[in-house]
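The block underneath contains the structure these notes are about, expressed in structure tokens.
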Amino acid sequence: MTDLDDAPALVSLTLSFRPQATQIGPLRTLLSDLCKPHVADADGLSRLLLAAHELLENIVKYSVGEVAEFHLRLEAKASGLQVRLRTKNRAAPERMADARWRLDALAAATDPVAHYDELIRESAGRRDISGLGLARIPAESEMDLYYVTEQDWLILTAEGNASERVSG
Amino acid sequence: MSALQSTLTSAGGEGFQVTPKLVDFNLRLVFTGNGDMHATPVVNEYLKLVHEEALRIGLSQVSCDFKQLTFMNSSCFKSFVVWIDTVKNSEIRYQIAFLTNPNLPWQRRSLEALRRLAANLVTIETIA
């Protein structure tokens, strides 16, 4: 756990739901409405929403079972706004193995942008799956992305500095 | 009116649409809406048709106008990766320009990755 839990949140949202593709747009709008008053620059909000969108699509595409969880926490720190996004969903064994492989490779990469570029080049000749969504989060949202597993549950966490806080 | 004729028509539906405009040898694709999971198959198939059309007509450039594209997910992004790679490996190539909205910061971040994939083919411009 980090010290993010010690400070009161500007926004804290926890959802437990049956993920469906049609829910992503409205959820993204809700997150934007909740966070926009606190985030001073458009780029910071854009990065936060990109990460949230990719995580939500990930659970819509790959969760098995009826329930998944999504959590957002935004809070002010001395260094600026800190955001943490977390998803929790059950995953089929083959999906769990693929996610672990991708996330371990991501964790081992010293440069997330170079790693993302390499994945893009590798995926260029393949028309099947994207395989870029998770790597996009550290590369474009500039957030750390890591995971833990609990039996067949995959728990993804993205966290980082959102931007400067709106003054006042 | 252009002397060239394109067989491309608008595609998409509620929430996402792409509309072609052919002027001389420059095809402009105007994307509007949200490039989410529902848009992915549309983008994927449309870019295949664009490439076929580009070769048939002999286009010199395809411009993708993203001014009104609020977001693009990684699956739609992947469709652009495949398209650019196809052009890159084609015997007949054309330029690809992305026209971006400065008020949508994700666009420049995402599209820079496409430019790095094929710096000699892809350009990024900001439009007002």
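Chain labels run A, B, ... following the order of the structure tokens; each chain numbers its residues from 1, and ligands are numbered from 1 in the order shown.
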Counting only C-alpha atoms, which residues in chain A sit no more than 9 Å from chain B? For each one, give the nearest pair of atoms and the distance in Å, sorted by chain then residue number, as a tab-separated table.
```
residue	atom	partner	partner_atom	distance
A:Ala21	CA	B:Met37	CA	7.0
A:Thr22	CA	B:His38	CA	8.7
A:Ile24	CA	B:Asp36	CA	8.7
A:Gly25	CA	B:Asp36	CA	8.2
A:Ala42	CA	B:Pro105	CA	6.9
A:Asp43	CA	B:Pro105	CA	5.3
A:Gly44	CA	B:Pro105	CA	8.8
A:Ser46	CA	B:Trp106	CA	6.0
A:Arg47	CA	B:Trp106	CA	6.9
A:Leu50	CA	B:Trp106	CA	7.6
A:His53	CA	B:Asn73	CA	7.6
A:Glu54	CA	B:Asn73	CA	7.0
A:Glu57	CA	B:Met37	CA	7.9
A:Val113	CA	B:Ala113	CA	8.6
A:Tyr116	CA	B:Ala113	CA	8.4
A:Asp117	CA	B:Ala113	CA	6.6
A:Ile120	CA	B:Val81	CA	7.1
A:Arg121	CA	B:Leu117	CA	6.9
A:Ser123	CA	B:Val82	CA	7.9
A:Ala124	CA	B:Val82	CA	4.9
A:Gly125	CA	B:Val82	CA	6.3
A:Arg126	CA	B:Val82	CA	7.4
A:Arg127	CA	B:Val82	CA	7.2
A:Ile129	CA	B:Ser75	CA	7.8
A:Ser130	CA	B:Ser75	CA	5.2
A:Gly131	CA	B:Ser74	CA	8.2
A:Leu132	CA	B:Ser74	CA	6.0
A:Gly133	CA	B:Ser74	CA	5.1
A:Leu134	CA	B:Ser74	CA	8.8
A:Arg136	CA	B:Ser74	CA	7.5
A:Ala139	CA	B:Arg109	CA	8.9
A:Glu140	CA	B:Arg109	CA	6.2
A:Ser141	CA	B:Trp106	CA	8.8
```
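DSSP annotation of region 59-116 of chain A from backbone atoms: helix (DSSP H, G or I) residues are A:Ile59, A:Val60, A:Lys61, A:Tyr62, A:Pro93, A:Glu94, A:Arg95, A:Met96, A:Ala97, A:Asp98, A:Ala99, A:Arg100, A:Trp101, A:Arg102, A:Leu103, A:Asp104, A:Ala105, A:Leu106, A:Ala107, A:Ala108, A:Pro112, A:Val113, A:Ala114, A:His115, A:Tyr116.
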- What is the distance, in Å and to one decimal place, between CA of Tyr46 (chain B) and CA of Glu112 (chain B)?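 Taking CA of Tyr46 (chain B) as the start and CA of Glu112 (chain B) as the end point, the length is 21.8 Å.
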- Item | Test item, strand (DSSP E) assignment across region 8-100 of chain B, answer as a ChimeraX atom specification | /B:11-13,16-23,26-35,61-72,95-100
Using only C-alpha atoms, I'd like a table of the residues in region 13-57 of chain B that come within 12 Å of region 87-94 of chain B; for each, show the closest atom pair and its distance in Å rounded to one decimal, ordered by chain and ascending number, as CSV.
```
residue,atom,partner,partner_atom,distance
B:Phe25,CA,B:Tyr94,CA,10.1
B:Asn26,CA,B:Tyr94,CA,9.7
B:Leu27,CA,B:Tyr94,CA,10.6
B:Leu47,CA,B:Val87,CA,10.8
B:Lys48,CA,B:Val87,CA,10.5
B:Val50,CA,B:Val87,CA,10.7
B:His51,CA,B:Val87,CA,7.5
B:Glu52,CA,B:Val87,CA,10.4
B:Glu53,CA,B:Tyr94,CA,11.5
B:Ala54,CA,B:Tyr94,CA,7.8
B:Leu55,CA,B:Ile92,CA,7.0
B:Arg56,CA,B:Ile92,CA,10.4
B:Ile57,CA,B:Tyr94,CA,11.2
```
- Task: For Thr157 (chain A), work out the shell of residues within 7 Å, counting only C-alpha atoms and skipping chain neighbours fewer than 3 positions away, then give it as a PyMOL selection string.
- Result: chain A and resi 84-87+145-147
Could you write those residues out with N, CA and C atoms, as a compact mmCIF listing (two decimals), in the first residue's frame?
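Writing done, so here's again30.txt:
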```
# COMPACT_ATOMS: atom_id res chain seq x y z
N ARG A 84 -5.11 6.93 -8.88
CA ARG A 84 -4.97 5.47 -8.88
C ARG A 84 -6.23 4.87 -9.48
N LEU A 85 -6.02 4.02 -10.46
CA LEU A 85 -7.12 3.28 -11.08
C LEU A 85 -6.89 1.81 -10.82
N ARG A 86 -7.93 1.10 -10.48
CA ARG A 86 -7.74 -0.33 -10.24
C ARG A 86 -8.94 -1.10 -10.78
N THR A 87 -8.66 -2.20 -11.45
CA THR A 87 -9.73 -3.11 -11.89
C THR A 87 -9.48 -4.48 -11.31
N LEU A 145 1.97 0.76 -14.22
CA LEU A 145 0.93 -0.27 -14.31
C LEU A 145 1.49 -1.57 -13.75
N TYR A 146 0.79 -2.15 -12.80
CA TYR A 146 1.24 -3.42 -12.24
C TYR A 146 0.04 -4.28 -11.87
N TYR A 147 0.33 -5.51 -11.52
CA TYR A 147 -0.77 -6.44 -11.28
C TYR A 147 -0.47 -7.38 -10.14
```
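One finds CA of Glu142 (chain A) at 18.6 Å from CA of His38 (chain A).
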- Query: Nearest to Leu55 (chain A) among A:Arg102, A:Val67, A:Ala9, A:Ala135, with distances taken over only C-alpha atoms: which residue is it?
  - Reply: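 Among the listed residues, A:Ala135 lies closest to Leu55 (chain A).
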